[in-house]
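To be precise, the following lines are structure17.cif, and they hold mmCIF, C-alpha atoms.
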data_structure
#
loop_
_atom_site.label_atom_id
_atom_site.label_comp_id
_atom_site.auth_asym_id
_atom_site.auth_seq_id
_atom_site.Cartn_x
_atom_site.Cartn_y
_atom_site.Cartn_z
CA MET A 1 41.97 -37.88 3.29
CA LYS A 2 42.88 -35.52 0.45
CA ASP A 3 42.91 -38.40 -2.04
CA THR A 4 39.90 -40.30 -0.66
CA ILE A 5 37.59 -37.28 -0.91
CA GLN A 6 36.66 -36.52 -4.50
CA LYS A 7 33.11 -35.18 -4.33
CA ILE A 8 31.96 -32.68 -1.71
CA GLY A 9 28.35 -31.73 -1.05
CA VAL A 10 27.51 -28.26 0.29
CA PHE A 11 24.19 -27.00 1.64
CA THR A 12 22.61 -24.29 3.78
CA SER A 13 20.32 -25.11 6.67
CA GLY A 14 18.21 -23.33 9.28
CA GLY A 15 17.53 -19.61 9.10
CA ASP A 16 19.12 -17.71 6.22
CA ALA A 17 21.89 -15.21 6.96
CA PRO A 18 23.62 -12.56 4.82
CA GLY A 19 26.93 -14.01 3.65
CA MET A 20 25.74 -17.57 3.09
CA ASN A 21 26.15 -17.10 -0.67
CA ALA A 22 29.70 -15.88 -0.14
CA ALA A 23 30.41 -19.06 1.84
CA ILE A 24 28.89 -21.25 -0.90
CA ARG A 25 31.05 -19.47 -3.47
CA ALA A 26 34.18 -20.00 -1.38
CA VAL A 27 33.47 -23.72 -0.90
CA VAL A 28 32.87 -24.24 -4.62
CA ARG A 29 35.92 -22.33 -5.78
CA ALA A 30 38.22 -23.79 -3.13
CA GLY A 31 37.01 -27.29 -3.95
CA ILE A 32 37.63 -26.81 -7.67
CA TYR A 33 41.01 -25.26 -6.90
CA TYR A 34 41.93 -28.55 -5.17
CA LYS A 35 40.52 -30.51 -8.14
CA LYS A 36 37.41 -31.81 -6.38
CA GLU A 37 33.84 -31.95 -7.65
CA ILE A 38 31.32 -29.87 -5.72
CA PHE A 39 27.59 -30.57 -5.48
CA GLY A 40 24.95 -28.21 -4.16
CA ILE A 41 22.19 -29.78 -2.08
CA MET A 42 18.98 -27.75 -2.35
CA ARG A 43 16.85 -26.89 0.69
CA GLY A 44 19.14 -28.38 3.29
CA TYR A 45 18.41 -31.78 4.78
CA GLU A 46 14.98 -31.83 3.11
CA GLY A 47 16.61 -31.65 -0.32
CA MET A 48 19.09 -34.32 0.74
CA ILE A 49 16.21 -36.66 1.52
CA GLU A 50 14.49 -35.84 -1.77
CA GLY A 51 17.68 -36.18 -3.82
CA ASP A 52 17.55 -32.56 -4.99
CA ILE A 53 21.27 -32.29 -5.76
CA VAL A 54 23.04 -30.35 -8.54
CA LYS A 55 26.66 -30.16 -9.63
CA LEU A 56 28.22 -26.72 -9.19
CA GLY A 57 31.00 -25.13 -11.22
CA VAL A 58 32.93 -21.89 -11.04
CA ARG A 59 30.31 -20.10 -13.13
CA SER A 60 27.48 -21.47 -10.96
CA VAL A 61 28.61 -19.19 -8.14
CA GLY A 62 29.43 -16.13 -10.23
CA ASN A 63 27.90 -12.83 -9.09
CA ILE A 64 26.52 -14.19 -5.79
CA LEU A 65 29.13 -12.80 -3.38
CA GLN A 66 27.11 -9.64 -2.76
CA ARG A 67 23.67 -11.24 -2.62
CA GLY A 68 21.71 -11.89 0.55
CA GLY A 69 19.84 -15.11 1.21
CA THR A 70 21.08 -18.40 -0.20
CA ILE A 71 21.00 -19.68 -3.78
CA LEU A 72 20.76 -23.23 -2.41
CA LYS A 73 17.61 -22.33 -0.43
CA THR A 74 17.07 -23.54 3.10
CA ALA A 75 14.40 -25.48 4.95
CA ARG A 76 13.85 -27.27 8.21
CA SER A 77 13.34 -31.04 7.97
CA GLU A 78 11.37 -33.10 10.45
CA SER A 79 12.04 -36.24 8.40
CA PHE A 80 15.79 -35.92 8.89
CA ARG A 81 15.29 -36.20 12.65
CA THR A 82 14.38 -39.88 12.12
CA PRO A 83 16.84 -42.73 11.37
CA GLU A 84 14.77 -43.59 8.29
CA GLY A 85 15.05 -40.05 6.95
CA ARG A 86 18.81 -39.97 7.50
CA LYS A 87 19.18 -43.34 5.77
CA GLU A 88 17.31 -42.00 2.74
CA ALA A 89 19.50 -38.88 2.72
CA TYR A 90 22.68 -40.95 2.93
CA ASP A 91 21.55 -43.23 0.10
CA ASN A 92 20.98 -40.20 -2.14
CA LEU A 93 24.45 -38.87 -1.33
CA LYS A 94 25.97 -42.22 -2.23
CA LYS A 95 24.06 -42.28 -5.54
CA GLU A 96 25.88 -39.08 -6.49
CA GLY A 97 29.20 -40.40 -5.17
CA ILE A 98 29.38 -37.63 -2.55
CA ASP A 99 31.93 -38.64 0.06
CA ALA A 100 32.06 -35.52 2.28
CA LEU A 101 29.71 -32.74 3.37
CA ILE A 102 29.94 -29.06 4.28
CA ALA A 103 26.95 -27.46 6.00
CA ILE A 104 26.44 -23.73 6.45
CA GLY A 105 24.12 -23.04 9.37
CA GLY A 106 23.71 -23.06 13.13
CA ASP A 107 23.92 -25.63 15.89
CA GLY A 108 20.92 -27.53 14.50
CA SER A 109 22.75 -27.94 11.20
CA PHE A 110 25.83 -29.18 13.04
CA THR A 111 23.70 -31.64 15.02
CA GLY A 112 22.40 -33.15 11.76
CA LEU A 113 25.94 -33.48 10.39
CA HIS A 114 27.05 -35.12 13.62
CA LYS A 115 24.30 -37.72 13.27
CA LEU A 116 25.43 -38.59 9.73
CA PHE A 117 29.01 -38.89 10.94
CA GLU A 118 27.99 -41.13 13.85
CA GLU A 119 25.82 -43.40 11.74
CA TYR A 120 27.72 -43.50 8.43
CA GLN A 121 31.22 -42.11 9.19
CA LEU A 122 30.72 -39.47 6.50
CA PRO A 123 33.44 -36.79 6.75
CA CYS A 124 31.87 -33.42 7.46
CA VAL A 125 32.62 -29.83 8.44
CA CYS A 126 30.15 -27.14 9.53
CA ILE A 127 30.45 -23.40 8.82
CA PRO A 128 28.65 -21.16 11.38
CA GLY A 129 25.98 -19.17 9.53
CA THR A 130 23.44 -17.38 11.72
CA ILE A 131 22.68 -13.75 12.50
CA ASP A 132 22.38 -14.58 16.21
CA ASN A 133 26.15 -14.97 16.86
CA ASP A 134 25.21 -17.56 19.47
CA ILE A 135 27.53 -20.42 18.50
CA ALA A 136 30.43 -21.37 20.75
CA GLY A 137 33.88 -21.83 19.23
CA THR A 138 33.91 -18.75 17.01
CA ASP A 139 34.08 -15.04 17.73
CA TYR A 140 31.66 -14.26 14.89
CA THR A 141 29.08 -16.12 12.83
CA ILE A 142 28.27 -15.31 9.21
CA GLY A 143 25.44 -12.78 9.01
CA TYR A 144 25.77 -11.27 12.48
CA ASP A 145 27.66 -8.17 11.35
CA THR A 146 25.16 -7.42 8.57
CA ALA A 147 22.14 -7.94 10.82
CA THR A 148 23.60 -5.66 13.47
CA ASN A 149 24.35 -2.94 10.91
CA THR A 150 20.78 -3.22 9.62
CA ALA A 151 19.49 -2.76 13.18
CA VAL A 152 21.75 0.27 13.73
CA GLU A 153 20.51 1.94 10.53
CA ALA A 154 16.91 1.47 11.68
CA ILE A 155 17.67 2.75 15.19
CA ASP A 156 19.29 5.88 13.74
CA ARG A 157 16.14 6.63 11.76
CA ILE A 158 13.86 5.97 14.71
CA ARG A 159 15.96 8.31 16.88
CA ASP A 160 15.17 11.17 14.49
CA THR A 161 11.44 10.78 14.98
CA ALA A 162 11.80 10.06 18.71
CA LEU A 163 13.56 13.40 19.20
CA SER A 164 11.15 15.26 16.94
CA HIS A 165 8.10 14.10 18.90
CA ASN A 166 9.60 13.50 22.38
CA ARG A 167 8.67 9.84 22.19
CA LEU A 168 9.78 6.74 24.03
CA PHE A 169 10.50 3.97 21.54
CA PHE A 170 10.80 0.28 22.34
CA ILE A 171 12.76 -1.32 19.48
CA GLU A 172 12.83 -5.11 19.30
CA VAL A 173 15.70 -6.79 17.46
CA MET A 174 16.30 -10.42 16.55
CA GLY A 175 18.86 -12.77 18.06
CA ARG A 176 16.81 -15.63 19.46
CA ASN A 177 18.17 -16.26 22.99
CA SER A 178 21.36 -14.28 22.40
CA GLY A 179 21.73 -10.59 23.19
CA TYR A 180 24.61 -9.85 20.82
CA ILE A 181 22.59 -7.94 18.20
CA ALA A 182 20.72 -5.98 20.87
CA MET A 183 23.85 -5.14 22.84
CA ASN A 184 25.97 -3.90 19.97
CA SER A 185 23.21 -2.19 17.99
CA GLY A 186 22.17 -0.53 21.24
CA ILE A 187 25.70 0.74 21.90
CA ALA A 188 26.12 1.93 18.30
CA GLY A 189 22.64 3.48 18.22
CA GLY A 190 22.96 5.30 21.53
CA ALA A 191 20.13 3.45 23.27
CA SER A 192 19.23 4.57 26.78
CA ILE A 193 18.46 1.03 27.87
CA ILE A 194 19.43 -2.36 26.39
CA ILE A 195 17.54 -5.46 27.49
CA ILE A 196 19.15 -8.82 26.75
CA PRO A 197 18.36 -12.39 27.85
CA GLU A 198 21.73 -12.76 29.59
CA GLU A 199 21.08 -9.90 32.03
CA ASN A 200 18.84 -10.25 35.10
CA LEU A 201 17.08 -6.91 34.60
CA THR A 202 13.58 -6.69 36.07
CA PHE A 203 10.66 -4.60 34.92
CA GLU A 204 11.02 -2.56 38.11
CA ASP A 205 14.63 -1.80 37.15
CA LEU A 206 13.44 -0.64 33.73
CA TYR A 207 10.67 1.51 35.13
CA LYS A 208 12.98 3.05 37.72
CA PHE A 209 15.35 4.11 34.95
CA LEU A 210 12.51 5.59 32.91
CA GLY A 211 11.30 7.37 36.04
CA ALA A 212 14.67 9.10 36.26
CA GLY A 213 13.98 10.43 32.78
CA LYS A 214 10.67 11.79 34.00
CA GLU A 215 12.35 13.60 36.89
CA SER A 216 14.72 15.31 34.46
CA SER A 217 11.89 16.11 31.99
CA LYS A 218 13.44 13.70 29.48
CA ARG A 219 10.63 12.36 27.30
CA SER A 220 12.55 10.83 24.38
CA ASN A 221 14.29 7.52 24.96
CA LEU A 222 15.29 4.49 22.95
CA VAL A 223 15.00 1.08 24.57
CA VAL A 224 16.50 -1.78 22.55
CA VAL A 225 15.00 -5.16 23.44
CA ALA A 226 16.36 -8.55 22.38
CA GLU A 227 13.55 -10.83 21.17
CA GLY A 228 14.56 -13.40 23.81
CA SER A 229 14.15 -10.94 26.69
CA LYS A 230 13.09 -12.68 29.91
CA ILE A 231 10.87 -9.81 31.06
CA GLY A 232 8.89 -9.51 27.84
CA GLY A 233 9.12 -8.29 24.27
CA ALA A 234 8.83 -4.70 23.10
CA ASN A 235 5.02 -4.73 22.82
CA GLU A 236 4.58 -6.25 26.27
CA LEU A 237 7.02 -3.87 27.96
CA ALA A 238 5.49 -0.83 26.25
CA LYS A 239 2.05 -1.87 27.48
CA MET A 240 3.31 -2.36 31.04
CA VAL A 241 4.92 1.09 31.10
CA ALA A 242 1.82 2.74 29.61
CA GLU A 243 -0.38 1.11 32.27
CA ARG A 244 1.81 2.52 35.00
CA SER A 245 2.35 6.06 33.66
CA SER A 246 0.88 8.45 31.10
CA TYR A 247 4.00 10.63 31.05
CA PHE A 248 5.58 9.06 27.97
CA ASP A 249 4.32 9.02 24.39
CA ILE A 250 5.20 5.37 23.68
CA LYS A 251 5.78 3.72 20.30
CA VAL A 252 6.97 0.23 19.38
CA THR A 253 9.01 -0.95 16.40
CA ILE A 254 9.67 -4.65 15.75
CA LEU A 255 12.52 -4.84 13.23
CA GLY A 256 11.90 -8.50 12.47
CA HIS A 257 13.11 -10.34 9.41
CA GLN A 258 14.51 -7.35 7.57
CA GLN A 259 17.63 -8.09 9.65
CA ARG A 260 18.07 -11.37 7.74
CA GLY A 261 18.02 -9.84 4.29
CA GLY A 262 20.10 -7.49 2.22
CA ALA A 263 23.63 -7.46 0.85
CA PRO A 264 26.23 -8.72 3.35
CA THR A 265 28.75 -6.26 4.74
CA TYR A 266 32.39 -6.48 3.72
CA PHE A 267 33.08 -8.17 7.07
CA ASP A 268 30.56 -10.96 6.45
CA ARG A 269 31.79 -11.45 2.88
CA VAL A 270 35.40 -11.82 4.02
CA LEU A 271 34.47 -14.00 7.02
CA ALA A 272 32.36 -16.29 4.82
CA SER A 273 35.16 -16.52 2.25
CA LYS A 274 37.72 -17.44 4.88
CA LEU A 275 35.50 -20.05 6.50
CA GLY A 276 34.47 -21.56 3.16
CA VAL A 277 38.09 -22.15 2.18
CA ALA A 278 38.88 -23.38 5.71
CA ALA A 279 36.05 -25.94 5.53
CA VAL A 280 37.38 -27.45 2.30
CA GLU A 281 40.99 -27.44 3.48
CA GLY A 282 39.96 -28.93 6.82
CA LEU A 283 38.21 -31.83 5.12
CA LEU A 284 41.20 -32.50 2.88
CA ALA A 285 43.51 -32.39 5.90
CA GLY A 286 41.49 -35.15 7.58
CA LYS A 287 39.37 -33.05 9.95
CA THR A 288 35.82 -34.25 10.41
CA ASP A 289 32.84 -33.76 12.71
CA VAL A 290 34.12 -30.24 13.37
CA MET A 291 33.05 -26.64 12.87
CA ALA A 292 35.39 -24.14 11.25
CA GLY A 293 35.42 -20.91 13.23
CA ILE A 294 37.48 -17.81 13.80
CA LYS A 295 39.14 -16.90 17.08
CA ASP A 296 41.40 -13.85 17.47
CA ASN A 297 41.38 -13.59 13.67
CA LYS A 298 42.75 -17.13 13.26
CA ILE A 299 40.96 -20.15 11.79
CA VAL A 300 40.13 -22.82 14.38
CA TYR A 301 38.32 -26.16 14.23
CA ASN A 302 35.97 -27.10 17.05
CA SER A 303 34.56 -30.53 17.85
CA PHE A 304 30.82 -31.16 17.96
CA ASN A 305 30.84 -31.47 21.76
CA ASP A 306 32.75 -28.21 22.20
CA VAL A 307 30.24 -26.33 20.05
CA VAL A 308 26.88 -27.84 21.00
CA ASN A 309 27.49 -28.26 24.73
CA HIS A 310 28.72 -24.71 25.28
CA ARG A 311 27.26 -21.25 24.81
CA HIS A 312 28.81 -18.22 23.16
CA GLU A 313 28.72 -15.94 26.17
CA ILE A 314 28.13 -12.21 25.96
CA ASP A 315 31.34 -10.17 25.96
CA GLN A 316 31.33 -8.79 29.50
CA GLU A 317 33.57 -5.85 28.62
CA GLU A 318 31.17 -4.72 25.90
CA TRP A 319 28.25 -5.14 28.28
CA ARG A 320 30.06 -3.06 30.93
CA ILE A 321 30.59 -0.30 28.38
CA ALA A 322 26.92 -0.44 27.36
CA LYS A 323 25.85 0.15 30.96
CA ILE A 324 28.27 3.05 31.45
CA LEU A 325 27.04 4.78 28.30
CA SER A 326 23.36 4.42 29.15
CA ILE A 327 23.38 7.08 31.90
#
Show how you would write the structure in this file as structure tokens.
Amino acid sequence: MKDTIQKIGVFTSGGDAPGMNAAIRAVVRAGIYYKKEIFGIMRGYEGMIEGDIVKLGVRSVGNILQRGGTILKTARSESFRTPEGRKEAYDNLKKEGIDALIAIGGDGSFTGLHKLFEEYQLPCVCIPGTIDNDIAGTDYTIGYDTATNTAVEAIDRIRDTALSHNRLFFIEVMGRNSGYIAMNSGIAGGASIIIIPEENLTFEDLYKFLGAGKESSKRSNLVVVAEGSKIGGANELAKMVAERSSYFDIKVTILGHQQRGGAPTYFDRVLASKLGVAAVEGLLAGKTDVMAGIKDNKIVYNSFNDVVNHRHEIDQEEWRIAKILSI
């Protein structure tokens, strides 16, 4: 495979995540190190369909390691979901002589790669890039550490005003249907209650806990809510509590997309660098239709079925600790 692959295409897809640029840089430099040509595909699968492809060199990825977002841009593509769209994308890749692909994104990105592999036997490797940390087969995804640190910094600031005014704050963090950001930012930020999609907490459970605060004259609390919460988001929960009791001075903060932006942490830069090199080396070693991940600080390669048909479960030990510390 090392000799048959000469030109590798790299692109980012789905939601942006801090560290994607570091992964692009690693792919480009590793590819050139192994004497391959690297091409950047702009705007993910949409750019592939439109033939928006540029050759990348060592200098093309200079000074991007520390930058958030993605220099290759990202977009979702409805056209790529169709056989006709994928045929057009493949034809554009062949025009450029691209004979292997590396995608940086989530399970949707991997699904698109899998389709190309099934239909055209194009060698491909996916790198997990999403702040949600919801992809099976890897302990961490690129961007998760930065997003969680961003959430913790915001929670620390909100705590100051919560204590100053004896307020109850509901703080909603991102994570889609995964509670990883909420759980760990809640632990690190000293939240009184953490609400995640994976836990079967009811509104009555929440209100009972807040009632205990009332009995002890505790007016200031921080409740961290994952956006995928089954019992409602921060605004909805705040409204439900306010309708039941006038004891608390309630405020809501939705952290939103600020968690996607900003310079990646050292951890995300190093993780992205490792996975970028691993993706190139995996391709050249004959691995295809796989995702490069990290398990117990070791590089692993996971098949499409292992990644897409499984869920990255919440760490039960961390969740146990979160519950102990919330008393």
Any chance you could work out the residue set of the PyMOL selection byres ((chain A and resi 19-32) around 9) here, as an MDAnalysis selection string? chainID A and resid 7:8 10:12 16:18 33:40 56:58 60:62 64:72 102 104:105 127 129:130 142:143 146 263:265 268:281
For C-alpha atoms, I'd like the residues from the last selection saved as a short mmCIF file (atom, residue, chain, number, x, y, z; two decimals), in the coordinates of the input.
data_model
loop_
_atom_site.label_atom_id
_atom_site.label_comp_id
_atom_site.auth_asym_id
_atom_site.auth_seq_id
_atom_site.Cartn_x
_atom_site.Cartn_y
_atom_site.Cartn_z
CA LYS A 7 33.11 -35.18 -4.33
CA ILE A 8 31.96 -32.68 -1.71
CA VAL A 10 27.51 -28.26 0.29
CA PHE A 11 24.19 -27.00 1.64
CA THR A 12 22.61 -24.29 3.78
CA ASP A 16 19.12 -17.71 6.22
CA ALA A 17 21.89 -15.21 6.96
CA PRO A 18 23.62 -12.56 4.82
CA TYR A 33 41.01 -25.26 -6.90
CA TYR A 34 41.93 -28.55 -5.17
CA LYS A 35 40.52 -30.51 -8.14
CA LYS A 36 37.41 -31.81 -6.38
CA GLU A 37 33.84 -31.95 -7.65
CA ILE A 38 31.32 -29.87 -5.72
CA PHE A 39 27.59 -30.57 -5.48
CA GLY A 40 24.95 -28.21 -4.16
CA LEU A 56 28.22 -26.72 -9.19
CA GLY A 57 31.00 -25.13 -11.22
CA VAL A 58 32.93 -21.89 -11.04
CA SER A 60 27.48 -21.47 -10.96
CA VAL A 61 28.61 -19.19 -8.14
CA GLY A 62 29.43 -16.13 -10.23
CA ILE A 64 26.52 -14.19 -5.79
CA LEU A 65 29.13 -12.80 -3.38
CA GLN A 66 27.11 -9.64 -2.76
CA ARG A 67 23.67 -11.24 -2.62
CA GLY A 68 21.71 -11.89 0.55
CA GLY A 69 19.84 -15.11 1.21
CA THR A 70 21.08 -18.40 -0.20
CA ILE A 71 21.00 -19.68 -3.78
CA LEU A 72 20.76 -23.23 -2.41
CA ILE A 102 29.94 -29.06 4.28
CA ILE A 104 26.44 -23.73 6.45
CA GLY A 105 24.12 -23.04 9.37
CA ILE A 127 30.45 -23.40 8.82
CA GLY A 129 25.98 -19.17 9.53
CA THR A 130 23.44 -17.38 11.72
CA ILE A 142 28.27 -15.31 9.21
CA GLY A 143 25.44 -12.78 9.01
CA THR A 146 25.16 -7.42 8.57
CA ALA A 263 23.63 -7.46 0.85
CA PRO A 264 26.23 -8.72 3.35
CA THR A 265 28.75 -6.26 4.74
CA ASP A 268 30.56 -10.96 6.45
CA ARG A 269 31.79 -11.45 2.88
CA VAL A 270 35.40 -11.82 4.02
CA LEU A 271 34.47 -14.00 7.02
CA ALA A 272 32.36 -16.29 4.82
CA SER A 273 35.16 -16.52 2.25
CA LYS A 274 37.72 -17.44 4.88
CA LEU A 275 35.50 -20.05 6.50
CA GLY A 276 34.47 -21.56 3.16
CA VAL A 277 38.09 -22.15 2.18
CA ALA A 278 38.88 -23.38 5.71
CA ALA A 279 36.05 -25.94 5.53
CA VAL A 280 37.38 -27.45 2.30
CA GLU A 281 40.99 -27.44 3.48
#
Please tell me which residues are no farther than 10 Å from (26.7, -17.5, 18.6) in the file, counting all atoms listed in the file, and write them as a list in words. Gly106, Asp107, Pro128, Gly129, Thr130, Ile131, Asp132, Asn133, Asp134, Ile135, Ala136, Gly137, Thr138, Asp139, Tyr140, Thr141, Ile142, Tyr144, Gly175, Asn177, Ser178, Gly179, Tyr180, Val307, Arg311, His312, Glu313 and Ile314 of chain A
The PyMOL selection byres ((chain A and resi 50) around 10) - which residues does that actually catch in the file I just gave you? List them as a list in words.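 Output from the PyMOL selection byres ((chain A and resi 50) around 10), applied to this file: Ile41, Met42, Arg43, Tyr45, Glu46, Gly47, Met48, Ile49, Gly51, Asp52, Ile53, Gly85, Glu88, Ala89 and Asn92 of chain A.
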Output the residue selection produced by the PyMOL selection byres ((chain A and resi 259) around 9) on the file above, formatted as a PyMOL selection string. chain A and resi 17-18+131+146-151+173-174+255-258+260-262
How big is the axis-aligned box around all listed atoms of segment 263-271 of chain A once 6 Å goes on each side, and where's its centre, in Å to one decimal, as AutoDock Vina command-line options?
--center_x 29.5 --center_y -10.1 --center_z 4.0 --size_x 23.8 --size_y 19.7 --size_z 18.2
Rank A:Ser229, A:Thr202, A:Ser164, A:Asn302 by their smallest atom-to-atom distance to Arg176 of chain A, using all atoms listed in the file, and report the top residue only. A:Ser229
Could you tell me how far atom CA of Asn297 of chain A sits from atom CA of Phe267 of chain A, in Å to one decimal place?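 We find that atom CA of Phe267 of chain A and atom CA of Asn297 of chain A lie 11.9 Å from each other.
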Nearest residue to Glu236 of chain A out of A:Leu283, A:Ala100, A:Arg81, A:Glu172, using only C-alpha atoms?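 Of the candidates, the smallest distance to Glu236 of chain A is held by A:Glu172.
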Let me make sure I understand: among A:Asn305, A:Thr161, A:Lys208, A:Ile187, which one has the smallest atom-to-atom distance to Ile321 of chain A if we use only C-alpha atoms? A:Ile187
Could you pull the residues within 9 Å of segment 120-125 of chain A, counting all atoms listed in the file, minus those fewer than 4 positions along the same chain, as a list of chain:residue names?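 Once the adjacent positions are removed, what remains is A:Ile5, A:Lys87, A:Tyr90, A:Asp99, A:Ala100, A:Leu101, A:Ile102, A:Ala103, A:Ile104, A:Phe110, A:Leu113, A:His114, A:Lys115, A:Leu116, A:Ala279, A:Val280, A:Gly282, A:Leu283, A:Gly286, A:Lys287, A:Thr288, A:Asp289, A:Val290, A:Met291, A:Ala292, A:Tyr301.
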Residues from the last selection, C-alpha atoms, saved as a compact mmCIF listing (two decimals), keeping the file's coordinate frame:
# COMPACT_ATOMS: atom_id res chain seq x y z
CA ILE A 5 37.59 -37.28 -0.91
CA LYS A 87 19.18 -43.34 5.77
CA TYR A 90 22.68 -40.95 2.93
CA ASP A 99 31.93 -38.64 0.06
CA ALA A 100 32.06 -35.52 2.28
CA LEU A 101 29.71 -32.74 3.37
CA ILE A 102 29.94 -29.06 4.28
CA ALA A 103 26.95 -27.46 6.00
CA ILE A 104 26.44 -23.73 6.45
CA PHE A 110 25.83 -29.18 13.04
CA LEU A 113 25.94 -33.48 10.39
CA HIS A 114 27.05 -35.12 13.62
CA LYS A 115 24.30 -37.72 13.27
CA LEU A 116 25.43 -38.59 9.73
CA ALA A 279 36.05 -25.94 5.53
CA VAL A 280 37.38 -27.45 2.30
CA GLY A 282 39.96 -28.93 6.82
CA LEU A 283 38.21 -31.83 5.12
CA GLY A 286 41.49 -35.15 7.58
CA LYS A 287 39.37 -33.05 9.95
CA THR A 288 35.82 -34.25 10.41
CA ASP A 289 32.84 -33.76 12.71
CA VAL A 290 34.12 -30.24 13.37
CA MET A 291 33.05 -26.64 12.87
CA ALA A 292 35.39 -24.14 11.25
CA TYR A 301 38.32 -26.16 14.23
Just how far from atom CA of Ser13 of chain A is atom CA of Val308 of chain A, in Å to one decimal?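 So the answer is 16.0 Å.
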May I have the residues within 12 Å of Ile231 of chain A as a list in words, using only C-alpha atoms and disregarding those fewer than 3 positions away in the same chain? Ile195, Ile196, Pro197, Glu198, Glu199, Asn200, Leu201, Thr202, Phe203, Glu204, Asp205, Leu206, Val225, Ala226, Glu227, Gly228, Ala234, Asn235, Glu236, Leu237, Ala238 and Met240 of chain A
Take atom CA of Phe248 of chain A and atom CA of Ile181 of chain A and report the distance between them in Å, one decimal.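 Value for the atom CA of Phe248 of chain A-atom CA of Ile181 of chain A distance: 26.0 Å.
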Which of these residues is nearest to Trp319 of chain A, using all atoms listed in the file: A:Ile194, A:Val54, A:Ala154, A:Leu163?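 Of the candidates, the smallest distance to Trp319 of chain A is held by A:Ile194.
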